[in-house]
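Visitor: Okay, handing you the structure first.
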Number of protein chains: 2
Amino acid sequence: MKYIIGIDIGGTNVKIALMDSKMRIKAKRIFPTSAARGKTALINSACDHVQCLLSEYGVSRKDLIGAGIGAPGAVNVRTGVVHYFVNIPAWREVQLGRIMQKRLKVPVFVDNDVNVMALAEYRYGAGRSSQNMLGIALGTGVGGGLVLEGRVFRGTAYAGGEVGHLQLSFNGPKCKCGSHGCLEAYAGGVYIVKAVAAAIRAGERTYIKELVGGDLSKITPEIIDEAARCGDSFAKSVWRGVGLAVGMGIAGVANLLNIDKVVIGGGVARAGKILFDAIRKTVKERTMKLPAKTVKIVKAQLGYDAGVIGAGALVLYELGK
Amino acid sequence: MKYIIGIDIGGTNVKIALMDSKMRIKAKRIFPTSAARGKTALINSACDHVQCLLSEYGVSRKDLIGAGIGAPGAVNVRTGVVHYFVNIPAWREVQLGRIMQKRLKVPVFVDNDVNVMALAEYRYGAGRSSQNMLGIALGTGVGGGLVLEGRVFRGTAYAGGEVGHLQLSFNGPKCKCGSHGCLEAYAGGVYIVKAVAAAIRAGERTYIKELVGGDLSKITPEIIDEAARCGDSFAKSVWRGVGLAVGMGIAGVANLLNIDKVVIGGGVARAGKILFDAIRKTVKERTMKLPAKTVKIVKAQLGYDAGVIGAGALVLYELGK
């Protein structure tokens with residue numbers, strides 16, 4: 001029996017899992033990203049936790065196939081270089097793959113976090129049996145990952161997959177990428193929260209305001225969700241608006257790539273039926289006949305563990321297994 | 001020396017070329033699509049012209065590697081079925097590949113016309129040395145073709161490439177596909193002409209009106225182009241508007257696929273510098289840093305012959321040569 005290590009470096013937490021070759025999680029560790037102040041501390045912590053997991057579960061290094069890492073932002077999967085890391089300012093062009101491989105003494109592969117999530121869903125989740133799949137992570141921002149003809153498609157400089165930066169309007173809200181009217185500027189969690197707070201300040205009456213006791217800085221996608229579930233019509237219209245934007249993005253990708261599956265995960269996707277209904281309605285209305293018939297829109301299946309499972313899946317994928 | 005037949009079925013004309021294996025055109029024939037009333041007449045005409053070309057140039061059937069066909073609309077490249085053909089109403093699910101192969105007694109391959117144009121530019125034109133390329137045909141409509149990692153990417157049901165149906169606005173002009181705010185509804189020749197006529201009717205003063213002697217039904221992209229070249233500020237603003245829409249579409253595709261080259265051809269692309277400047281400016285402003293650095297936007301090189309060259313290139317491509 002052979003084992004794999006999956007490491008999911010998030011903005012908030014680092015998750016590390018020891019898995020078997022079918023990506024069944026045997027043991028797991030979580031520690032806060034911020035606690036490791038700086039890149040060296042982060043790498044040290046990760047290596048220590050891997051060592052602990054191996055000892056704990058009684059797995060020796062020679063039983064390890066390798067380790068996979070999912071990291072946010074632009075990653076060069078060939079060289080293992082993570083170009084930058086928003087939460088760790090000193091992080092610039094770090095040879096994460098090479099450093100970790102030296103420390104762990106097993107093959108190490110690194111890719112963008114949403115690419116590995118998409119790979120996880122494609123191999124073990126809602127994307128199984130798909131030929132051409134788009135994975136969308138609806139969280140603070142809007143991330144994407146493509147698996148085309150069974151291959152993770154990353155583009156010429158490994159920077160592809162950014163479905164959140166499809167352009168949905170000529171004069172839309174400003175996006176942190178420098179453009180405006182990006183899908184993310186309508187459907188990213190921080191943008192949704194900002195727009196809701198602005199609407200309340202402008203006089204919108206909604207149960208959201210009561211839920212946060214009038215403190216608009218406490219609004220979160222979960223609170224908007226709760227208000228919508230309680231029947232608040234403004235909160236429901238917020239999710240319909242997000243669904244319209246996501247649906248327009250998917251319609252464009254379906255027309256361009258004639259994909260057969262879109263797998264949607266991430267915290268914002270928990271809004272559930274009202275959001276998915278709006279997405280499916282928009283995709284149906286705005287996609288050409290044949291690609292509309294081809295594409296199915298489904299919820300991600302792997303949830304919280306998609307990151308570590310994807311990181312592990314990356315190891316087998318890159319080794320051609 | 002081996003030869004290839006390339007057949008480019010357009011809405012107006014059918015072009016047939018006899019080429020060598022380097023896609024150098026040896027002899028060419030053109031006949032109007034409409035003259036062949038109905039599918040049988042069209043197929044008969046095409047076969048007759050191929051026979052004439054072979055006799056004329058003294059090439060025997062055993063010296064032919066095969067024949068390639070580019071056809072508008074949805075084509076299943078595996079089965080050679082052309083699903084429909086706008087200009088020939090009786091055309092429904094025609095097994096064009098099988099019929100032509102039986103008649104010509106050589107391997108026949110059929111694909112979407114813009115896919116073969118993209119393949120032609122990728123192999124013999126402005127897309128050479130590209131790794132991930134988007135071809136855009138700016139004509140009556142806006143067509144697209146993708147060559148990703150050296151492969152023509154068509155999607156699950158071979159209906160992909162439709163870059164003209166990226167969604168650029170929530171409430172844009174109606175598109176013939178049933179949606180609204182598609183790239184094509186801003187940048188397709190028929191839509192440009194319609195918008196210009198509407199603006200003139202609404203009182204816009206422009207040299208275009210004089211060029212058509214007041215008959216707005218005579219407006220064409222060429223006329224708008226002529227007015228722009230004469231310094232007409234409205235005509236110039238039309239091309240800047242088209243460039244903005246095309247640039248937004250390219251920005252989205254660059255973010256999604258991290259392509260390194262966009263090759264733009266078709267009649268509308270003749271608007272030249274003013275159009276390309278607007279496209280490049282928009283792409284620079286609205287694409288994320290790394291994909292913006294990766295992508296180059298260039299003019300198609302093969303012009304009028306891209307269709308037959310692409311059809312010929314399809315033969316070698318499908319035979320793995």
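Residue names in the structure tokens use chain letters A, B, ... in the order shown, residue numbers from 1 in each chain, and ligand numbers from 1 in the order shown.
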Distance cut-off 9 Å, counting only C-alpha atoms - which residues of chain B neighbour chain A? Return them as a PyMOL selection string.

Guide: chain B and resi 74+131-132+144-146+148-149+153-170+177-182+244-245+248-249+251-260+285-291+294

Visitor: What would the file look like if the residues just selected were written as a compact mmCIF listing (two decimals), in the first residue's frame with N, CA and C atoms?

Guide:
```txt
# COMPACT_ATOMS: atom_id res chain seq x y z
N ALA B 74 -22.23 24.18 -37.46
CA ALA B 74 -21.81 23.06 -36.61
C ALA B 74 -21.50 21.84 -37.45
N GLN B 131 1.72 28.39 -29.10
CA GLN B 131 1.41 27.20 -28.32
C GLN B 131 -0.10 27.10 -28.10
N ASN B 132 -0.71 28.24 -27.76
CA ASN B 132 -2.16 28.31 -27.57
C ASN B 132 -2.68 29.53 -28.30
N GLY B 144 -14.84 31.95 -34.40
CA GLY B 144 -13.60 31.70 -33.69
C GLY B 144 -13.14 30.26 -33.85
N GLY B 145 -11.85 30.06 -33.67
CA GLY B 145 -11.28 28.72 -33.69
C GLY B 145 -10.11 28.69 -32.73
N LEU B 146 -9.97 27.59 -32.01
CA LEU B 146 -8.91 27.47 -31.01
C LEU B 146 -7.93 26.37 -31.39
N LEU B 148 -5.13 24.61 -29.23
CA LEU B 148 -4.56 24.55 -27.89
C LEU B 148 -3.55 23.42 -27.81
N GLU B 149 -2.34 23.72 -27.37
CA GLU B 149 -1.26 22.72 -27.27
C GLU B 149 -1.14 21.95 -28.58
N PHE B 153 -9.00 22.62 -30.86
CA PHE B 153 -9.90 22.31 -29.74
C PHE B 153 -11.33 22.61 -30.14
N ARG B 154 -12.16 21.56 -30.13
CA ARG B 154 -13.53 21.72 -30.62
C ARG B 154 -14.59 21.53 -29.55
N GLY B 155 -14.23 20.96 -28.42
CA GLY B 155 -15.21 20.73 -27.35
C GLY B 155 -15.94 19.42 -27.50
N THR B 156 -16.76 19.13 -26.50
CA THR B 156 -17.37 17.80 -26.36
C THR B 156 -18.25 17.40 -27.55
N ALA B 157 -19.03 18.34 -28.08
CA ALA B 157 -19.90 18.01 -29.22
C ALA B 157 -19.42 18.72 -30.49
N TYR B 158 -18.14 19.06 -30.54
CA TYR B 158 -17.52 19.73 -31.68
C TYR B 158 -18.14 21.08 -32.00
N ALA B 159 -18.77 21.71 -31.02
CA ALA B 159 -19.46 22.98 -31.28
C ALA B 159 -18.73 24.17 -30.68
N GLY B 160 -17.50 23.98 -30.21
CA GLY B 160 -16.78 25.06 -29.55
C GLY B 160 -16.19 26.09 -30.49
N GLY B 161 -15.48 27.03 -29.94
CA GLY B 161 -14.81 28.07 -30.71
C GLY B 161 -15.63 29.33 -30.89
N GLU B 162 -16.87 29.32 -30.41
CA GLU B 162 -17.77 30.45 -30.71
C GLU B 162 -17.46 31.67 -29.83
N VAL B 163 -16.30 32.26 -30.09
CA VAL B 163 -15.88 33.43 -29.32
C VAL B 163 -16.84 34.61 -29.52
N GLY B 164 -17.57 34.62 -30.62
CA GLY B 164 -18.53 35.68 -30.90
C GLY B 164 -19.71 35.67 -29.95
N HIS B 165 -19.81 34.62 -29.15
CA HIS B 165 -20.94 34.54 -28.24
C HIS B 165 -20.51 34.52 -26.77
N LEU B 166 -19.36 35.15 -26.53
CA LEU B 166 -19.04 35.56 -25.16
C LEU B 166 -20.04 36.64 -24.81
N GLN B 167 -20.44 36.71 -23.54
CA GLN B 167 -21.46 37.66 -23.11
C GLN B 167 -20.78 38.92 -22.57
N LEU B 168 -20.98 40.04 -23.28
CA LEU B 168 -20.27 41.27 -22.90
C LEU B 168 -21.11 42.30 -22.16
N SER B 169 -22.41 42.05 -22.05
CA SER B 169 -23.20 42.99 -21.26
C SER B 169 -24.53 42.38 -20.86
N PHE B 170 -25.06 42.86 -19.74
CA PHE B 170 -26.30 42.31 -19.20
C PHE B 170 -27.47 42.61 -20.12
N CYS B 177 -28.39 34.57 -32.05
CA CYS B 177 -28.32 33.29 -31.34
C CYS B 177 -29.41 33.16 -30.28
N GLY B 178 -30.12 34.26 -30.01
CA GLY B 178 -31.17 34.21 -29.00
C GLY B 178 -30.80 34.97 -27.73
N SER B 179 -29.50 35.20 -27.52
CA SER B 179 -29.06 35.94 -26.35
C SER B 179 -29.00 37.43 -26.70
N HIS B 180 -28.44 38.23 -25.81
CA HIS B 180 -28.22 39.64 -26.12
C HIS B 180 -26.94 40.07 -25.44
N GLY B 181 -26.27 41.06 -26.06
CA GLY B 181 -25.00 41.50 -25.51
C GLY B 181 -23.84 40.58 -25.85
N CYS B 182 -24.02 39.69 -26.85
CA CYS B 182 -22.91 38.86 -27.31
C CYS B 182 -21.87 39.74 -28.02
N LEU B 244 -13.28 47.92 -28.83
CA LEU B 244 -13.54 47.76 -27.40
C LEU B 244 -14.21 46.41 -27.14
N ALA B 245 -15.23 46.09 -27.94
CA ALA B 245 -15.95 44.82 -27.76
C ALA B 245 -15.03 43.63 -28.02
N MET B 248 -12.54 43.31 -25.21
CA MET B 248 -13.11 42.72 -23.99
C MET B 248 -13.23 41.21 -24.11
N GLY B 249 -13.65 40.76 -25.30
CA GLY B 249 -13.74 39.32 -25.52
C GLY B 249 -12.37 38.66 -25.39
N ALA B 251 -9.75 39.79 -23.81
CA ALA B 251 -9.29 39.87 -22.42
C ALA B 251 -9.84 38.69 -21.62
N GLY B 252 -11.12 38.40 -21.82
CA GLY B 252 -11.73 37.28 -21.11
C GLY B 252 -11.08 35.96 -21.48
N VAL B 253 -10.86 35.74 -22.79
CA VAL B 253 -10.25 34.48 -23.24
C VAL B 253 -8.80 34.39 -22.75
N ALA B 254 -8.08 35.52 -22.76
CA ALA B 254 -6.70 35.52 -22.29
C ALA B 254 -6.64 35.16 -20.80
N ASN B 255 -7.57 35.71 -20.00
CA ASN B 255 -7.62 35.36 -18.58
C ASN B 255 -7.99 33.90 -18.37
N LEU B 256 -8.91 33.40 -19.20
CA LEU B 256 -9.39 32.03 -19.04
C LEU B 256 -8.40 31.00 -19.55
N LEU B 257 -7.78 31.27 -20.71
CA LEU B 257 -6.95 30.24 -21.36
C LEU B 257 -5.47 30.60 -21.43
N ASN B 258 -5.11 31.79 -21.01
CA ASN B 258 -3.70 32.22 -21.04
C ASN B 258 -3.06 31.89 -22.40
N ILE B 259 -3.77 32.29 -23.46
CA ILE B 259 -3.28 32.08 -24.82
C ILE B 259 -2.13 33.02 -25.13
N ASP B 260 -1.26 32.64 -26.06
CA ASP B 260 -0.14 33.50 -26.40
C ASP B 260 -0.35 34.26 -27.71
N GLU B 285 -5.70 47.01 -20.94
CA GLU B 285 -6.37 47.57 -19.77
C GLU B 285 -7.17 46.55 -18.97
N ARG B 286 -7.68 45.51 -19.66
CA ARG B 286 -8.66 44.65 -19.00
C ARG B 286 -8.19 43.21 -18.79
N THR B 287 -6.92 42.91 -19.11
CA THR B 287 -6.42 41.56 -18.89
C THR B 287 -5.51 41.56 -17.67
N MET B 288 -5.49 40.48 -16.92
CA MET B 288 -4.62 40.37 -15.74
C MET B 288 -3.15 40.41 -16.18
N LYS B 289 -2.29 40.76 -15.25
CA LYS B 289 -0.89 41.06 -15.56
C LYS B 289 -0.18 39.96 -16.38
N LEU B 290 -0.16 38.75 -15.83
CA LEU B 290 0.59 37.68 -16.48
C LEU B 290 -0.01 37.29 -17.85
N PRO B 291 -1.32 37.02 -17.94
CA PRO B 291 -1.89 36.72 -19.26
C PRO B 291 -1.75 37.88 -20.26
N THR B 294 1.53 37.60 -21.76
CA THR B 294 1.66 36.41 -22.62
C THR B 294 1.10 36.64 -24.03
```

Visitor: Write out as an MDAnalysis selection string the residues lying within 12 Å of segment 36-47 of chain B, counting only C-alpha atoms and excluding same-chain residues fewer than 2 positions away.

Guide: chainID B and resid 5:17 29:34 49:54 67 69 82 84:106

Visitor: Could you name the residues that touch Ile200 of chain A at 12 Å or less, counting only C-alpha atoms, but leaving out those on the same chain fewer than 4 positions away, as a ChimeraX atom specification?

Guide: /A:193-196,204-210,212,214-217,219,234-235

Visitor: Print the selection's residues with N, CA and C atoms to a file, as a compact mmCIF listing (two decimals), in the first residue's frame.

Guide:
```txt
# COMPACT_ATOMS: atom_id res chain seq x y z
N VAL A 193 -20.66 41.42 -0.57
CA VAL A 193 -20.83 42.05 0.74
C VAL A 193 -20.78 43.58 0.63
N LYS A 194 -19.84 44.08 -0.16
CA LYS A 194 -19.69 45.53 -0.35
C LYS A 194 -20.95 46.12 -1.00
N ALA A 195 -21.47 45.42 -2.03
CA ALA A 195 -22.66 45.92 -2.73
C ALA A 195 -23.88 45.91 -1.82
N VAL A 196 -24.00 44.87 -0.98
CA VAL A 196 -25.13 44.78 -0.06
C VAL A 196 -25.06 45.91 0.97
N GLU A 204 -32.00 50.56 1.43
CA GLU A 204 -32.65 49.26 1.18
C GLU A 204 -33.10 48.65 2.51
N ARG A 205 -34.34 48.18 2.56
CA ARG A 205 -34.82 47.53 3.79
C ARG A 205 -34.65 46.03 3.64
N THR A 206 -33.93 45.45 4.56
CA THR A 206 -33.69 44.01 4.47
C THR A 206 -33.40 43.44 5.85
N TYR A 207 -33.74 42.18 6.01
CA TYR A 207 -33.55 41.45 7.26
C TYR A 207 -32.05 41.31 7.57
N ILE A 208 -31.22 41.46 6.52
CA ILE A 208 -29.77 41.38 6.71
C ILE A 208 -29.33 42.39 7.77
N LYS A 209 -29.90 43.59 7.70
CA LYS A 209 -29.53 44.66 8.63
C LYS A 209 -29.81 44.25 10.08
N GLU A 210 -30.97 43.61 10.29
CA GLU A 210 -31.30 43.15 11.65
C GLU A 210 -30.35 42.04 12.09
N VAL A 212 -27.31 41.58 11.48
CA VAL A 212 -25.99 42.07 11.92
C VAL A 212 -26.15 43.18 12.97
N GLY A 214 -27.39 46.02 12.79
CA GLY A 214 -27.09 47.35 12.27
C GLY A 214 -25.62 47.59 11.96
N ASP A 215 -24.74 46.66 12.33
CA ASP A 215 -23.30 46.81 12.06
C ASP A 215 -22.97 46.22 10.69
N LEU A 216 -22.92 47.09 9.67
CA LEU A 216 -22.78 46.62 8.29
C LEU A 216 -21.43 45.92 8.04
N SER A 217 -20.46 46.17 8.92
CA SER A 217 -19.15 45.52 8.73
C SER A 217 -19.23 44.03 9.06
N ILE A 219 -21.57 42.02 7.81
CA ILE A 219 -22.24 41.28 6.74
C ILE A 219 -21.28 40.26 6.12
N PHE A 234 -34.93 41.09 -0.67
CA PHE A 234 -33.69 41.71 -1.13
C PHE A 234 -32.55 40.69 -1.16
N ALA A 235 -32.42 39.91 -0.08
CA ALA A 235 -31.36 38.89 -0.01
C ALA A 235 -31.50 37.90 -1.17
```

Visitor: Based on DSSP run over this structure's backbone, return all residues of segment 164-290 of chain B in helix (DSSP H, G or I), as a PyMOL selection string.

Guide: chain B and resi 164-165+183-187+189-201+207-211+216-218+221-229+233-257+267-271+273-286+289-290

Visitor: Would you please extract all strand (DSSP E or B) residues from segment 49-78 of chain B, as assigned by DSSP on the backbone, and give them as a PyMOL selection string?

Guide: chain B and resi 64-71+75-76

Visitor: Those same residues, written as a compact mmCIF listing (two decimals), in the first residue's frame with all heavy atoms?

Guide:
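Wrote result_15.txt, looks like this:
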```
# COMPACT_ATOMS: atom_id res chain seq x y z
N LEU B 64 -3.36 11.86 -54.95
CA LEU B 64 -4.06 12.70 -53.97
C LEU B 64 -3.96 12.10 -52.57
O LEU B 64 -4.30 10.93 -52.37
CB LEU B 64 -5.54 12.81 -54.33
CG LEU B 64 -6.01 13.94 -55.24
CD1 LEU B 64 -7.55 13.95 -55.27
CD2 LEU B 64 -5.48 15.29 -54.79
N ILE B 65 -3.51 12.90 -51.60
CA ILE B 65 -3.49 12.46 -50.21
C ILE B 65 -4.91 12.43 -49.66
O ILE B 65 -5.30 11.54 -48.92
CB ILE B 65 -2.61 13.40 -49.35
CG1 ILE B 65 -1.17 13.41 -49.88
CG2 ILE B 65 -2.63 12.98 -47.89
CD1 ILE B 65 -0.28 14.48 -49.27
N GLY B 66 -5.69 13.42 -50.02
CA GLY B 66 -7.06 13.50 -49.54
C GLY B 66 -7.66 14.86 -49.84
O GLY B 66 -7.02 15.71 -50.47
N ALA B 67 -8.90 15.03 -49.38
CA ALA B 67 -9.58 16.31 -49.56
C ALA B 67 -10.10 16.79 -48.22
O ALA B 67 -10.59 16.00 -47.41
CB ALA B 67 -10.73 16.17 -50.55
N GLY B 68 -9.99 18.11 -47.98
CA GLY B 68 -10.51 18.71 -46.76
C GLY B 68 -11.59 19.71 -47.10
O GLY B 68 -11.55 20.33 -48.17
N ILE B 69 -12.58 19.80 -46.23
CA ILE B 69 -13.69 20.72 -46.47
C ILE B 69 -13.92 21.58 -45.23
O ILE B 69 -13.99 21.07 -44.11
CB ILE B 69 -15.00 19.94 -46.77
CG1 ILE B 69 -14.79 18.96 -47.95
CG2 ILE B 69 -16.15 20.90 -47.06
CD1 ILE B 69 -15.99 18.06 -48.21
N GLY B 70 -14.01 22.89 -45.43
CA GLY B 70 -14.43 23.80 -44.36
C GLY B 70 -15.84 24.24 -44.66
O GLY B 70 -16.13 24.69 -45.77
N ALA B 71 -16.74 24.07 -43.70
CA ALA B 71 -18.14 24.43 -43.91
C ALA B 71 -18.63 25.27 -42.74
O ALA B 71 -18.20 25.07 -41.61
CB ALA B 71 -18.99 23.17 -44.04
N VAL B 75 -20.27 21.35 -37.31
CA VAL B 75 -19.81 20.19 -38.05
C VAL B 75 -19.28 19.17 -37.06
O VAL B 75 -18.55 19.53 -36.14
CB VAL B 75 -18.67 20.57 -39.02
CG1 VAL B 75 -18.16 19.35 -39.77
CG2 VAL B 75 -19.10 21.67 -39.97
N ASN B 76 -19.64 17.92 -37.23
CA ASN B 76 -19.04 16.87 -36.43
C ASN B 76 -17.86 16.31 -37.20
O ASN B 76 -18.01 15.61 -38.20
CB ASN B 76 -20.06 15.76 -36.14
CG ASN B 76 -19.47 14.70 -35.21
OD1 ASN B 76 -18.28 14.39 -35.29
ND2 ASN B 76 -20.29 14.17 -34.34
```

Visitor: State, in Å with one decimal place, the distance from atom CA of Trp239 of chain B to atom CA of Asn112 of chain B.

Guide: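 Atom CA of Trp239 of chain B sits 27.3 Å away from atom CA of Asn112 of chain B.
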
Visitor: For Leu18 of chain A, which residue among A:Ala228, A:Tyr57, A:Asp48, A:Gly265 is the nearest when counting only C-alpha atoms?

Guide: A:Tyr57

Visitor: One decimal, Å: what's the distance from atom CA of Arg201 of chain A over to atom CA of Gly213 of chain A, could you say?

Guide: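 Calculated distance between atom CA of Arg201 of chain A and atom CA of Gly213 of chain A is 13.9 Å.
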
Visitor: Name the closest residue to Ser237 of chain A among the candidates A:Gly267, A:Gly203, A:Ile192, A:Asp305; distances are taken between atoms, counting only C-alpha atoms.

Guide: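 So, comparing all the options, the nearest one is A:Ile192.
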
Visitor: For atom CA of Ala300 of chain A and atom CA of Gly125 of chain A, determine how far apart the two atoms are, in Å to one decimal place.

Guide: 7.0 Å

Visitor: Excluding Ala118 of chain B and any residue of its chain fewer than 6 positions from it, enumerate the residues within 9 Å of it, using only C-alpha atoms, and give them as a ChimeraX atom specification.

Guide: /B:127,133-137,144-147,152,263,306,310
